[in-house]
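Data from upload.cif: mmCIF, C-alpha atoms, pLDDT in the B column; chains and numbers go by the auth columns
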data_input
#
loop_
_atom_site.group_PDB
_atom_site.id
_atom_site.type_symbol
_atom_site.label_atom_id
_atom_site.label_comp_id
_atom_site.label_asym_id
_atom_site.label_seq_id
_atom_site.Cartn_x
_atom_site.Cartn_y
_atom_site.Cartn_z
_atom_site.B_iso_or_equiv
_atom_site.auth_seq_id
_atom_site.auth_asym_id
ATOM 1 C CA SER A 1 0.000 0.000 0.000 47.00 1 A
ATOM 2 C CA LYS A 2 2.865 2.376 0.745 51.00 2 A
ATOM 3 C CA GLY A 3 4.364 1.613 -2.662 50.00 3 A
ATOM 4 C CA ARG A 4 1.189 2.598 -4.410 50.00 4 A
ATOM 5 C CA VAL A 5 0.886 5.853 -2.522 46.00 5 A
ATOM 6 C CA TYR A 6 4.496 6.662 -3.376 43.00 6 A
ATOM 7 C CA ILE A 7 3.899 5.912 -7.055 41.00 7 A
ATOM 8 C CA VAL A 8 0.751 8.019 -7.096 39.00 8 A
ATOM 9 C CA ILE A 9 2.633 10.952 -5.503 38.00 9 A
ATOM 10 C CA THR A 10 5.463 10.624 -8.023 37.00 10 A
ATOM 11 C CA ILE A 11 3.007 10.576 -10.887 39.00 11 A
ATOM 12 C CA SER A 12 1.099 13.490 -9.385 40.00 12 A
ATOM 13 C CA ARG A 13 4.270 15.546 -9.027 46.00 13 A
ATOM 14 C CA HIS A 14 5.191 14.740 -12.594 44.00 14 A
ATOM 15 C CA ALA A 15 1.698 15.661 -13.778 40.00 15 A
ATOM 16 C CA VAL A 16 1.802 18.912 -11.825 40.00 16 A
ATOM 17 C CA CYS A 17 5.204 19.775 -13.323 38.00 17 A
ATOM 18 C CA ALA A 18 3.942 18.990 -16.811 41.00 18 A
ATOM 19 C CA MET A 19 0.842 21.139 -16.264 44.00 19 A
ATOM 20 C CA MET A 20 2.936 24.003 -14.930 48.00 20 A
ATOM 21 C CA TRP A 21 5.274 23.765 -17.919 42.00 21 A
ATOM 22 C CA GLN A 22 2.271 23.873 -20.277 47.00 22 A
ATOM 23 C CA MET A 23 0.869 26.927 -18.476 50.00 23 A
ATOM 24 C CA VAL A 24 4.218 28.742 -18.600 41.00 24 A
ATOM 25 C CA SER A 25 4.568 27.908 -22.304 40.00 25 A
ATOM 26 C CA LEU A 26 1.039 29.141 -22.989 41.00 26 A
ATOM 27 C CA LEU A 27 1.699 32.407 -21.121 47.00 27 A
ATOM 28 C CA LEU A 28 4.913 32.940 -23.095 45.00 28 A
ATOM 29 C CA VAL A 29 3.120 32.337 -26.385 38.00 29 A
ATOM 30 C CA LEU A 30 0.228 34.627 -25.420 43.00 30 A
ATOM 31 C CA GLY A 31 2.660 37.320 -24.243 49.00 31 A
ATOM 32 C CA ALA A 32 4.617 37.131 -27.514 41.00 32 A
ATOM 33 C CA ALA A 33 1.401 37.277 -29.529 38.00 33 A
ATOM 34 C CA GLU A 34 0.224 40.303 -27.550 45.00 34 A
ATOM 35 C CA GLU A 35 3.549 42.113 -28.061 47.00 35 A
ATOM 36 C CA SER A 36 3.590 41.394 -31.782 44.00 36 A
ATOM 37 C CA GLN A 37 -0.004 42.574 -32.258 44.00 37 A
ATOM 38 C CA GLU A 38 0.372 45.833 -30.311 48.00 38 A
ATOM 39 C CA PRO A 39 3.033 47.461 -32.540 44.00 39 A
ATOM 40 C CA LEU A 40 1.126 46.359 -35.623 53.00 40 A
ATOM 41 C CA ARG A 41 -2.106 47.849 -34.314 88.00 41 A
ATOM 42 C CA CYS A 42 -0.484 51.167 -33.340 92.00 42 A
ATOM 43 C CA SER A 43 1.477 51.427 -36.577 89.00 43 A
ATOM 44 C CA GLU A 44 -1.754 51.146 -38.570 92.00 44 A
ATOM 45 C CA ILE A 45 -3.156 54.341 -36.994 93.00 45 A
ATOM 46 C CA THR A 46 -2.582 57.391 -39.203 91.00 46 A
ATOM 47 C CA SER A 47 -4.175 60.137 -37.093 94.00 47 A
ATOM 48 C CA CYS A 48 -2.352 61.742 -34.169 95.00 48 A
ATOM 49 C CA ASN A 49 -5.495 62.197 -32.077 95.00 49 A
ATOM 50 C CA GLU A 50 -6.628 58.612 -32.694 95.00 50 A
ATOM 51 C CA CYS A 51 -3.136 57.396 -31.791 95.00 51 A
ATOM 52 C CA PHE A 52 -3.302 58.702 -28.246 94.00 52 A
ATOM 53 C CA ARG A 53 -7.006 57.889 -27.819 93.00 53 A
ATOM 54 C CA SER A 54 -6.096 54.280 -28.619 92.00 54 A
ATOM 55 C CA GLY A 55 -3.554 54.149 -25.814 93.00 55 A
ATOM 56 C CA CYS A 56 -0.489 54.022 -28.036 94.00 56 A
ATOM 57 C CA PHE A 57 2.775 55.482 -26.723 95.00 57 A
ATOM 58 C CA GLY A 58 3.972 57.901 -29.397 95.00 58 A
ATOM 59 C CA TRP A 59 3.495 59.563 -32.764 95.00 59 A
ATOM 60 C CA PHE A 60 6.115 59.634 -35.542 93.00 60 A
ATOM 61 C CA GLY A 61 4.336 62.300 -37.572 92.00 61 A
ATOM 62 C CA SER A 62 2.546 59.967 -39.956 92.00 62 A
ATOM 63 C CA GLU A 63 2.012 56.844 -37.869 92.00 63 A
ATOM 64 C CA CYS A 64 1.619 55.752 -34.297 94.00 64 A
ATOM 65 C CA CYS A 65 3.929 53.550 -32.213 94.00 65 A
ATOM 66 C CA SER A 66 3.732 51.311 -29.164 93.00 66 A
ATOM 67 C CA LYS A 67 6.220 51.923 -26.337 92.00 67 A
ATOM 68 C CA ASP A 68 8.574 49.177 -27.562 92.00 68 A
ATOM 69 C CA MET A 69 8.395 50.371 -31.166 92.00 69 A
ATOM 70 C CA CYS A 70 8.983 54.029 -30.192 91.00 70 A
ATOM 71 C CA LEU A 71 11.955 53.221 -27.981 90.00 71 A
ATOM 72 C CA MET A 72 13.463 50.995 -30.641 90.00 72 A
ATOM 73 C CA ALA A 73 12.995 53.709 -33.282 88.00 73 A
ATOM 74 C CA ILE A 74 14.640 56.415 -31.209 82.00 74 A
ATOM 75 C CA GLN A 75 17.766 54.255 -31.000 82.00 75 A
ATOM 76 C CA GLY A 76 17.872 54.523 -34.795 78.00 76 A
ATOM 77 C CA ASP A 77 17.571 58.332 -34.621 77.00 77 A
ATOM 78 C CA ARG A 78 13.863 58.397 -35.453 84.00 78 A
ATOM 79 C CA GLN A 79 12.068 61.017 -33.368 87.00 79 A
ATOM 80 C CA PHE A 80 8.640 60.442 -31.857 92.00 80 A
ATOM 81 C CA PHE A 81 6.291 62.728 -29.972 94.00 81 A
ATOM 82 C CA GLN A 82 4.210 62.010 -26.889 95.00 82 A
ATOM 83 C CA SER A 83 1.416 64.468 -27.605 96.00 83 A
ATOM 84 C CA CYS A 84 -0.205 66.012 -30.655 96.00 84 A
ATOM 85 C CA ASP A 85 0.598 69.505 -29.333 97.00 85 A
ATOM 86 C CA GLU A 86 4.292 68.619 -29.095 95.00 86 A
ATOM 87 C CA TRP A 87 4.205 67.271 -32.663 95.00 87 A
ATOM 88 C CA LYS A 88 2.409 70.393 -33.975 96.00 88 A
ATOM 89 C CA ARG A 89 4.976 72.706 -32.316 95.00 89 A
ATOM 90 C CA HIS A 90 7.733 70.639 -33.932 94.00 90 A
ATOM 91 C CA GLU A 91 6.061 70.864 -37.353 94.00 91 A
ATOM 92 C CA ASP A 92 5.777 74.651 -36.982 95.00 92 A
ATOM 93 C CA GLN A 93 9.474 74.806 -36.108 94.00 93 A
ATOM 94 C CA VAL A 94 10.306 72.630 -39.132 94.00 94 A
ATOM 95 C CA GLN A 95 8.633 75.231 -41.370 94.00 95 A
ATOM 96 C CA VAL A 96 10.687 78.030 -39.812 94.00 96 A
ATOM 97 C CA CYS A 97 13.979 76.136 -39.927 95.00 97 A
ATOM 98 C CA SER A 98 13.605 74.748 -43.443 91.00 98 A
ATOM 99 C CA GLY A 99 13.604 78.299 -44.824 89.00 99 A
ATOM 100 C CA MET A 100 17.026 79.076 -43.312 88.00 100 A
ATOM 101 C CA GLN A 101 19.378 76.807 -45.219 86.00 101 A
ATOM 102 C CA ASN A 102 22.908 78.257 -45.475 88.00 102 A
ATOM 103 C CA ASP A 103 21.959 81.050 -43.027 91.00 103 A
ATOM 104 C CA VAL A 104 23.695 79.953 -39.844 92.00 104 A
ATOM 105 C CA CYS A 105 22.961 83.171 -37.946 92.00 105 A
ATOM 106 C CA GLY A 106 19.269 83.216 -38.866 92.00 106 A
ATOM 107 C CA CYS A 107 19.013 79.514 -38.116 93.00 107 A
ATOM 108 C CA LEU A 108 20.413 79.843 -34.595 93.00 108 A
ATOM 109 C CA GLU A 109 18.493 83.050 -33.878 92.00 109 A
ATOM 110 C CA ALA A 110 15.246 81.243 -34.794 93.00 110 A
ATOM 111 C CA GLY A 111 15.994 78.552 -32.212 93.00 111 A
ATOM 112 C CA CYS A 112 16.870 75.955 -34.823 94.00 112 A
ATOM 113 C CA VAL A 113 19.851 73.612 -35.010 95.00 113 A
ATOM 114 C CA ALA A 114 22.556 74.450 -37.553 95.00 114 A
ATOM 115 C CA GLN A 115 24.619 71.550 -38.869 94.00 115 A
ATOM 116 C CA GLU A 116 27.382 71.194 -41.433 92.00 116 A
ATOM 117 C CA VAL A 117 26.206 69.010 -44.302 89.00 117 A
ATOM 118 C CA SER A 118 28.752 68.493 -47.071 86.00 118 A
ATOM 119 C CA ASP A 119 29.691 71.979 -48.275 86.00 119 A
ATOM 120 C CA SER A 120 26.653 73.761 -46.874 90.00 120 A
ATOM 121 C CA ILE A 121 24.813 74.594 -43.669 91.00 121 A
ATOM 122 C CA ALA A 122 21.534 72.830 -42.994 93.00 122 A
ATOM 123 C CA CYS A 123 18.987 74.156 -40.539 94.00 123 A
ATOM 124 C CA PHE A 124 16.813 71.673 -38.634 94.00 124 A
ATOM 125 C CA ALA A 125 14.108 71.874 -35.985 93.00 125 A
ATOM 126 C CA ALA A 126 15.994 69.250 -33.946 90.00 126 A
ATOM 127 C CA TYR A 127 19.497 67.801 -33.962 90.00 127 A
ATOM 128 C CA GLN A 128 19.969 65.172 -36.677 87.00 128 A
ATOM 129 C CA PRO A 129 22.729 62.741 -35.609 84.00 129 A
ATOM 130 C CA ALA A 130 23.374 61.509 -39.150 82.00 130 A
ATOM 131 C CA ALA A 131 23.492 64.978 -40.753 86.00 131 A
ATOM 132 C CA GLY A 132 26.856 66.331 -39.667 87.00 132 A
ATOM 133 C CA GLY A 133 28.597 68.461 -37.073 91.00 133 A
ATOM 134 C CA GLN A 134 26.435 70.840 -35.083 93.00 134 A
ATOM 135 C CA ILE A 135 27.327 74.547 -35.172 92.00 135 A
ATOM 136 C CA PHE A 136 26.856 76.308 -31.857 91.00 136 A
ATOM 137 C CA ALA A 137 26.299 80.024 -31.206 88.00 137 A
ATOM 138 C CA GLN A 138 29.789 80.443 -29.726 87.00 138 A
ATOM 139 C CA ASP A 139 31.240 79.048 -32.977 85.00 139 A
ATOM 140 C CA VAL A 140 29.772 81.859 -35.084 85.00 140 A
ATOM 141 C CA HIS A 141 29.406 84.710 -32.593 79.00 141 A
ATOM 142 C CA SER A 142 31.844 86.957 -34.467 79.00 142 A
ATOM 143 C CA GLU A 143 30.289 86.135 -37.858 80.00 143 A
ATOM 144 C CA CYS A 144 26.802 87.008 -36.727 83.00 144 A
ATOM 145 C CA GLY A 145 28.026 90.291 -35.241 67.00 145 A
ATOM 146 C CA LYS A 146 25.805 90.249 -32.180 60.00 146 A
ATOM 147 C CA GLU A 147 24.958 88.103 -29.234 50.00 147 A
ATOM 148 C CA MET A 148 22.158 85.789 -30.248 52.00 148 A
ATOM 149 C CA GLU A 149 19.047 85.956 -28.141 50.00 149 A
ATOM 150 C CA GLY A 150 18.404 82.910 -26.000 49.00 150 A
ATOM 151 C CA THR A 151 21.880 81.454 -26.467 49.00 151 A
ATOM 152 C CA GLU A 152 24.715 81.338 -23.994 47.00 152 A
ATOM 153 C CA LEU A 153 28.134 81.994 -25.403 41.00 153 A
ATOM 154 C CA LEU A 154 31.103 80.214 -23.903 38.00 154 A
ATOM 155 C CA PRO A 155 34.256 82.304 -23.280 36.00 155 A
#
Would you mind writing the structure in this file as structure tokens?
Amino acid sequence: SKGRVYIVITISRHAVCAMMWQMVSLLLVLGAAEESQEPLRCSEITSCNECFRSGCFGWFGSECCSKDMCLMAIQGDRQFFQSCDEWKRHEDQVQVCSGMQNDVCGCLEAGCVAQEVSDSIACFAAYQPAAGGQIFAQDVHSECGKEMEGTELLP
């Protein structure tokens, strides 16, 4: 009788371990499926307001992103915004900055980022890591002939 009880316990422990393994596997599969569906769902949204109403994490400017997708994109130098107002302010700044190519003084005075691109000066709303060296106000202070508003010049 003791032998049977021992065998039943061994089988029960084995069955419990097998069931636990199946549950863990199922949770892993469901978690992976949920993660893979979320970025797809967010990336299909093409309206900023709908993006944030849907609970997505960020807005690229033409599509939405989940938290994982946004954080992965920013590592590749792709900017995202966490509100429609922030995105609209950026778009307004893009319009201002895009009209100041090769005008380093005007670019910096407008609050834009001047960068050396090949043989010219590009003016961006935000720093572009792949574009080229950034030009700071202290680099061109003498060229611009005056202290630029809102910038601190280093000695």
*Taking all atoms listed in the file into account, which of A:Gly106, A:Gly55, A:Gly111, A:Gly61 comes nearest A:Arg78?*
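So, comparing all the options, the nearest one is A:Gly61.
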*Using only C-alpha atoms, find the one residue out of A:Gly99, A:Gly58, A:Gly76, A:Gly133 that sits nearest to A:Ala114.*
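Of A:Gly99, A:Gly58, A:Gly76, A:Gly133, the one nearest A:Ala114, counting only C-alpha atoms, is A:Gly133.
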_Around (22.4, 67.0, -47.9), as given in the file, which residues come within 12 Å? Count all atoms listed in the file and list them as a ChimeraX atom specification._
/A:101-102,115-124,128,130-132
Convert the current residue selection to file output with C-alpha atoms, as a PDB file, in the coordinates of the input.
ATOM      1  CA  GLN A 101      19.378  76.807 -45.219  1.00 86.00           C
ATOM      2  CA  ASN A 102      22.908  78.257 -45.475  1.00 88.00           C
ATOM      3  CA  GLN A 115      24.619  71.550 -38.869  1.00 94.00           C
ATOM      4  CA  GLU A 116      27.382  71.194 -41.433  1.00 92.00           C
ATOM      5  CA  VAL A 117      26.206  69.010 -44.302  1.00 89.00           C
ATOM      6  CA  SER A 118      28.752  68.493 -47.071  1.00 86.00           C
ATOM      7  CA  ASP A 119      29.691  71.979 -48.275  1.00 86.00           C
ATOM      8  CA  SER A 120      26.653  73.761 -46.874  1.00 90.00           C
ATOM      9  CA  ILE A 121      24.813  74.594 -43.669  1.00 91.00           C
ATOM     10  CA  ALA A 122      21.534  72.830 -42.994  1.00 93.00           C
ATOM     11  CA  CYS A 123      18.987  74.156 -40.539  1.00 94.00           C
ATOM     12  CA  PHE A 124      16.813  71.673 -38.634  1.00 94.00           C
ATOM     13  CA  GLN A 128      19.969  65.172 -36.677  1.00 87.00           C
ATOM     14  CA  ALA A 130      23.374  61.509 -39.150  1.00 82.00           C
ATOM     15  CA  ALA A 131      23.492  64.978 -40.753  1.00 86.00           C
ATOM     16  CA  GLY A 132      26.856  66.331 -39.667  1.00 87.00           C
TER      17      GLY A 132
END
*Work out how far apart atom CA of A:Asp68 and atom CA of A:Gln93 are and give it in Å to one decimal.*
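Between these atoms lies a distance of 27.0 Å.
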*Would you please work out which residue, of A:Gln82, A:Glu143, A:Cys70, A:Ala126, is nearest to A:Val96 when using all atoms listed in the file?*
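Closest residue, counting all atoms listed in the file: A:Ala126.
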